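Report on the structure given below.
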Amino acid sequence: AMKKDREIVHAWDFICDRDTYGQWSPQWLPPSGWMSIFQTHCLIENMALPPPKGVTVRYRDDYESCMYLSATDRSVHSIVWAQWSDLLIENGWEKDTNLFAFAMDWRLGPPSYLGEDQTFLRFKTLIEKAVVSSGGPVSLVTMSLGGPFVALFCADYVSEDWKAANIYNFVSVSGVYGGSSSPLNTLFSGKWGELIPSFLLSSSRDTARTTQVLPWLIPAKSVFGAERVWIRTPYKNFTAADLATPLREAGALAAADLWKSVTHLTGNRLAPNVSTVCIFGTDSETVESLVWSGDGDMSRPPDSVTSATGDGTVLHESLKACSDWQFVQEQPVTTFTVTGVKHTQFLTHRPSMELFLKIMLKDDPIKRVERKK
């Protein structure tokens, strides 16, 4: 972020940087400590759409930014694709020859993919560059949100002829194709796993409600049906047929409106019509429904949650929706499930990485590098 006379939203904002004097500073969680905890509050506010006045936020559009979440932290907590990238390079792939990474603003959703950010256009341009550089169609490998992003790109943005010429296959790891309750919980409570201190959850919730992506990632009727209950209160239960009402009651008006426009972009609607490999974890306890007791006031966080099976973040049905594309597209769909491996643990789980390598080596794509040489 770049800051110039950042506005004061709360009293504790006085301890935060208000001016970076023309320099960009990383927006990542700082080290532990009381002062750092208060600074985290400012970072959370800065990530809102739009950010506070005087703040400009951008994502790093380079290969390294896709390897680690932080520009400086190289611990396991910051790893994204680093170990997968290293594995491919060890086995003959070459960065910027037949190995590329695509960076994007994770806060955005379908309305921006075709809008001002032109995310889909930038993605298409990178794929075409990779095809020329590597000498043939490419594999698209995604984690979590990257799955529905690529699936929607394939389903809506490019033609069948273009896909046949440019995409060899789509490898989806922990893809979220019907939403899940963890993003729903974030919209109501502000929780992002265990990252946010409890006294900052209110600010986290307010920022979460400004994003475009979270309303897209809450449970969808197309995958879970219209009867399953996601929100339980003493006076009424809510299903995926109408999650706008509880969002409105909680004060998340923008999220409620956006949900109505994107909830159909899920399940079989996302079938990409390319050869697909689905990899996901199973048999981990995962948040299912949110429960309010007492007066059922949804302007406060839920009092408890119920659980079902999934990968610890995404429920099984949403992960399995990738496999179900075999019934609606001609191109093959292959599924690998890994018991007990949680959502992002695949990024450091060696047996899963070796499985991925076998998939990538199946047709010896390294020959594309040899042709290039």
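Residues in the structure tokens are named by chain (A, B, ... in the order shown) and by number from 1 within that chain; ligands are numbered from 1 in the order shown.
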DSSP strand (DSSP E or B) residues within segment 40-215 of chain A, as a list of chain:residue names
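DSSP-assigned strand (DSSP E or B) residues in segment 40-215 of chain A: A:Val55, A:Thr56, A:Tyr68, A:Ile79, A:Lys95, A:Leu99, A:Val138, A:Ser139, A:Leu140, A:Val141, A:Thr142, A:Met143, A:Ile167, A:Tyr168, A:Asn169, A:Phe170, A:Val171, A:Ser172, A:Val173.
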Would you put the residues from that selection into a file with N, CA, C and O atoms, as a PDB file, in the first residue's frame?
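Below is the file out.pdb, written as the result:
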ATOM      1  N   VAL A  55      -5.182   6.119   1.059  1.00  0.00           N
ATOM      2  CA  VAL A  55      -4.515   4.827   0.912  1.00  0.00           C
ATOM      3  C   VAL A  55      -4.766   4.273  -0.485  1.00  0.00           C
ATOM      4  O   VAL A  55      -5.902   4.252  -0.964  1.00  0.00           O
ATOM      5  N   THR A  56      -3.719   3.824  -1.147  1.00  0.00           N
ATOM      6  CA  THR A  56      -3.819   3.124  -2.429  1.00  0.00           C
ATOM      7  C   THR A  56      -3.246   1.727  -2.237  1.00  0.00           C
ATOM      8  O   THR A  56      -2.141   1.576  -1.705  1.00  0.00           O
ATOM      9  N   TYR A  68       5.020 -16.817  -2.208  1.00  0.00           N
ATOM     10  CA  TYR A  68       4.837 -16.550  -0.780  1.00  0.00           C
ATOM     11  C   TYR A  68       3.812 -15.433  -0.598  1.00  0.00           C
ATOM     12  O   TYR A  68       3.729 -14.516  -1.417  1.00  0.00           O
ATOM     13  N   ILE A  79       3.993 -19.716   2.817  1.00  0.00           N
ATOM     14  CA  ILE A  79       4.187 -20.463   1.569  1.00  0.00           C
ATOM     15  C   ILE A  79       2.898 -20.561   0.760  1.00  0.00           C
ATOM     16  O   ILE A  79       1.833 -20.868   1.284  1.00  0.00           O
ATOM     17  N   LYS A  95      11.411 -21.428 -15.343  1.00  0.00           N
ATOM     18  CA  LYS A  95      10.645 -20.212 -15.123  1.00  0.00           C
ATOM     19  C   LYS A  95      10.746 -19.296 -16.343  1.00  0.00           C
ATOM     20  O   LYS A  95      11.815 -19.131 -16.930  1.00  0.00           O
ATOM     21  N   LEU A  99       7.078 -22.286 -17.360  1.00  0.00           N
ATOM     22  CA  LEU A  99       6.556 -22.193 -16.006  1.00  0.00           C
ATOM     23  C   LEU A  99       6.288 -20.725 -15.689  1.00  0.00           C
ATOM     24  O   LEU A  99       7.207 -19.916 -15.597  1.00  0.00           O
ATOM     25  N   VAL A 138      -0.919 -25.535 -22.613  1.00  0.00           N
ATOM     26  CA  VAL A 138      -0.384 -25.497 -21.258  1.00  0.00           C
ATOM     27  C   VAL A 138      -1.355 -26.120 -20.248  1.00  0.00           C
ATOM     28  O   VAL A 138      -2.548 -26.250 -20.505  1.00  0.00           O
ATOM     29  N   SER A 139      -0.802 -26.501 -19.101  1.00  0.00           N
ATOM     30  CA  SER A 139      -1.606 -26.954 -17.964  1.00  0.00           C
ATOM     31  C   SER A 139      -1.869 -25.763 -17.052  1.00  0.00           C
ATOM     32  O   SER A 139      -0.953 -24.992 -16.750  1.00  0.00           O
ATOM     33  N   LEU A 140      -3.115 -25.622 -16.620  1.00  0.00           N
ATOM     34  CA  LEU A 140      -3.489 -24.575 -15.678  1.00  0.00           C
ATOM     35  C   LEU A 140      -3.652 -25.218 -14.307  1.00  0.00           C
ATOM     36  O   LEU A 140      -4.498 -26.091 -14.130  1.00  0.00           O
ATOM     37  N   VAL A 141      -2.838 -24.807 -13.349  1.00  0.00           N
ATOM     38  CA  VAL A 141      -2.819 -25.430 -12.021  1.00  0.00           C
ATOM     39  C   VAL A 141      -3.275 -24.395 -10.997  1.00  0.00           C
ATOM     40  O   VAL A 141      -2.721 -23.293 -10.937  1.00  0.00           O
ATOM     41  N   THR A 142      -4.285 -24.742 -10.210  1.00  0.00           N
ATOM     42  CA  THR A 142      -4.878 -23.770  -9.299  1.00  0.00           C
ATOM     43  C   THR A 142      -5.031 -24.329  -7.898  1.00  0.00           C
ATOM     44  O   THR A 142      -5.068 -25.536  -7.684  1.00  0.00           O
ATOM     45  N   MET A 143      -5.164 -23.420  -6.933  1.00  0.00           N
ATOM     46  CA  MET A 143      -5.447 -23.758  -5.552  1.00  0.00           C
ATOM     47  C   MET A 143      -6.646 -22.929  -5.085  1.00  0.00           C
ATOM     48  O   MET A 143      -6.709 -21.726  -5.329  1.00  0.00           O
ATOM     49  N   ILE A 167      -5.095 -24.848 -24.114  1.00  0.00           N
ATOM     50  CA  ILE A 167      -5.141 -25.484 -22.795  1.00  0.00           C
ATOM     51  C   ILE A 167      -5.005 -26.992 -22.942  1.00  0.00           C
ATOM     52  O   ILE A 167      -5.831 -27.642 -23.596  1.00  0.00           O
ATOM     53  N   TYR A 168      -3.958 -27.548 -22.340  1.00  0.00           N
ATOM     54  CA  TYR A 168      -3.766 -28.994 -22.340  1.00  0.00           C
ATOM     55  C   TYR A 168      -4.670 -29.646 -21.299  1.00  0.00           C
ATOM     56  O   TYR A 168      -5.395 -30.591 -21.581  1.00  0.00           O
ATOM     57  N   ASN A 169      -4.620 -29.136 -20.073  1.00  0.00           N
ATOM     58  CA  ASN A 169      -5.533 -29.608 -19.039  1.00  0.00           C
ATOM     59  C   ASN A 169      -5.607 -28.598 -17.903  1.00  0.00           C
ATOM     60  O   ASN A 169      -4.881 -27.601 -17.868  1.00  0.00           O
ATOM     61  N   PHE A 170      -6.510 -28.850 -16.981  1.00  0.00           N
ATOM     62  CA  PHE A 170      -6.773 -28.000 -15.828  1.00  0.00           C
ATOM     63  C   PHE A 170      -6.626 -28.874 -14.585  1.00  0.00           C
ATOM     64  O   PHE A 170      -7.351 -29.855 -14.426  1.00  0.00           O
ATOM     65  N   VAL A 171      -5.660 -28.540 -13.722  1.00  0.00           N
ATOM     66  CA  VAL A 171      -5.425 -29.291 -12.490  1.00  0.00           C
ATOM     67  C   VAL A 171      -5.912 -28.440 -11.320  1.00  0.00           C
ATOM     68  O   VAL A 171      -5.318 -27.415 -10.998  1.00  0.00           O
ATOM     69  N   SER A 172      -6.995 -28.866 -10.695  1.00  0.00           N
ATOM     70  CA  SER A 172      -7.634 -28.111  -9.622  1.00  0.00           C
ATOM     71  C   SER A 172      -7.300 -28.747  -8.280  1.00  0.00           C
ATOM     72  O   SER A 172      -7.594 -29.916  -8.045  1.00  0.00           O
ATOM     73  N   VAL A 173      -6.687 -27.966  -7.386  1.00  0.00           N
ATOM     74  CA  VAL A 173      -6.364 -28.425  -6.041  1.00  0.00           C
ATOM     75  C   VAL A 173      -7.236 -27.662  -5.042  1.00  0.00           C
ATOM     76  O   VAL A 173      -7.227 -26.427  -5.019  1.00  0.00           O
TER      77      VAL A 173
END
- Distance query segment 249-257 of chain A at most 7 Å, only C-alpha atoms, self and fewer than 3 positions along chain excluded, as a ChimeraX atom specification: /A:209,215,244-246,260-261,298-299
May I have the selected residues written with N, CA and C atoms, as a PDB file, in the first residue's frame?
ATOM      1  N   ARG A 209     -16.806  -7.706   4.318  1.00  0.00           N
ATOM      2  CA  ARG A 209     -18.084  -7.401   3.663  1.00  0.00           C
ATOM      3  C   ARG A 209     -17.939  -6.474   2.480  1.00  0.00           C
ATOM      4  N   PRO A 215     -19.009 -13.190  -1.165  1.00  0.00           N
ATOM      5  CA  PRO A 215     -20.384 -13.590  -1.482  1.00  0.00           C
ATOM      6  C   PRO A 215     -20.464 -14.685  -2.548  1.00  0.00           C
ATOM      7  N   ALA A 244     -29.522 -13.987   1.201  1.00  0.00           N
ATOM      8  CA  ALA A 244     -29.508 -12.523   1.177  1.00  0.00           C
ATOM      9  C   ALA A 244     -30.208 -11.951   2.405  1.00  0.00           C
ATOM     10  N   THR A 245     -31.281 -12.599   2.855  1.00  0.00           N
ATOM     11  CA  THR A 245     -32.034 -12.077   3.995  1.00  0.00           C
ATOM     12  C   THR A 245     -31.197 -12.017   5.267  1.00  0.00           C
ATOM     13  N   PRO A 246     -30.539 -13.100   5.698  1.00  0.00           N
ATOM     14  CA  PRO A 246     -29.715 -12.982   6.903  1.00  0.00           C
ATOM     15  C   PRO A 246     -28.537 -12.031   6.732  1.00  0.00           C
ATOM     16  N   LYS A 260     -26.727 -12.314  -4.837  1.00  0.00           N
ATOM     17  CA  LYS A 260     -27.803 -12.597  -5.790  1.00  0.00           C
ATOM     18  C   LYS A 260     -27.310 -12.641  -7.232  1.00  0.00           C
ATOM     19  N   SER A 261     -26.277 -11.873  -7.527  1.00  0.00           N
ATOM     20  CA  SER A 261     -25.802 -11.784  -8.915  1.00  0.00           C
ATOM     21  C   SER A 261     -24.759 -12.822  -9.275  1.00  0.00           C
ATOM     22  N   MET A 298     -28.422 -11.261  14.418  1.00  0.00           N
ATOM     23  CA  MET A 298     -27.334 -11.605  13.512  1.00  0.00           C
ATOM     24  C   MET A 298     -26.382 -10.451  13.228  1.00  0.00           C
ATOM     25  N   SER A 299     -26.586  -9.318  13.912  1.00  0.00           N
ATOM     26  CA  SER A 299     -25.604  -8.256  13.795  1.00  0.00           C
ATOM     27  C   SER A 299     -24.371  -8.561  14.646  1.00  0.00           C
TER      28      SER A 299
END
Check which residues of segment 49-84 of chain A sit at most 12 Å from segment 117-129 of chain A using only C-alpha atoms, and return one row each with the closest pair of atoms and their distance in Å to one decimal, ordered by chain and rising number, as JSON lines.
{"residue": "A:Arg58", "atom": "CA", "partner": "A:Asp117", "partner_atom": "CA", "distance": 11.2}
{"residue": "A:Tyr59", "atom": "CA", "partner": "A:Asp117", "partner_atom": "CA", "distance": 11.6}
{"residue": "A:Asp61", "atom": "CA", "partner": "A:Arg122", "partner_atom": "CA", "distance": 10.9}
{"residue": "A:Asp62", "atom": "CA", "partner": "A:Leu126", "partner_atom": "CA", "distance": 11.9}
- If you run DSSP on this backbone, which residues of segment 74-165 of chain A come out as alpha helix (DSSP H), and could you give them as a PyMOL selection string? chain A and resi 82-90+110-113+119-134+146-152+160-165
Open item on the list: Using only C-alpha atoms, which protein or nucleic acid residues come within 12 Å of Asp324 of chain A? Drop anything in the same chain fewer than 4 positions from it, and give the result as an MDAnalysis selection string.
Closed with: chainID A and resid 177:178 223 266:272 276:278 317:320 328:329 332:335
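Note that atom CA of Gln326 of chain A and atom CA of Phe100 of chain A are 27.9 Å apart.
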Using only C-alpha atoms, the residue out of A:Val80, A:Leu200, A:Val305, A:Ala48 with shortest distance to Gln345 of chain A is A:Val80
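When only C-alpha atoms are used to measure the gap to Ser159 of chain A, the shortest distance among A:Ser189, A:Arg6, A:Val274, A:Pro219 belongs to A:Val274.
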One residue among A:Phe238, A:Trp24, A:Phe102, A:Trp216 is nearest to Trp259 of chain A when using only C-alpha atoms, and that residue is A:Trp216
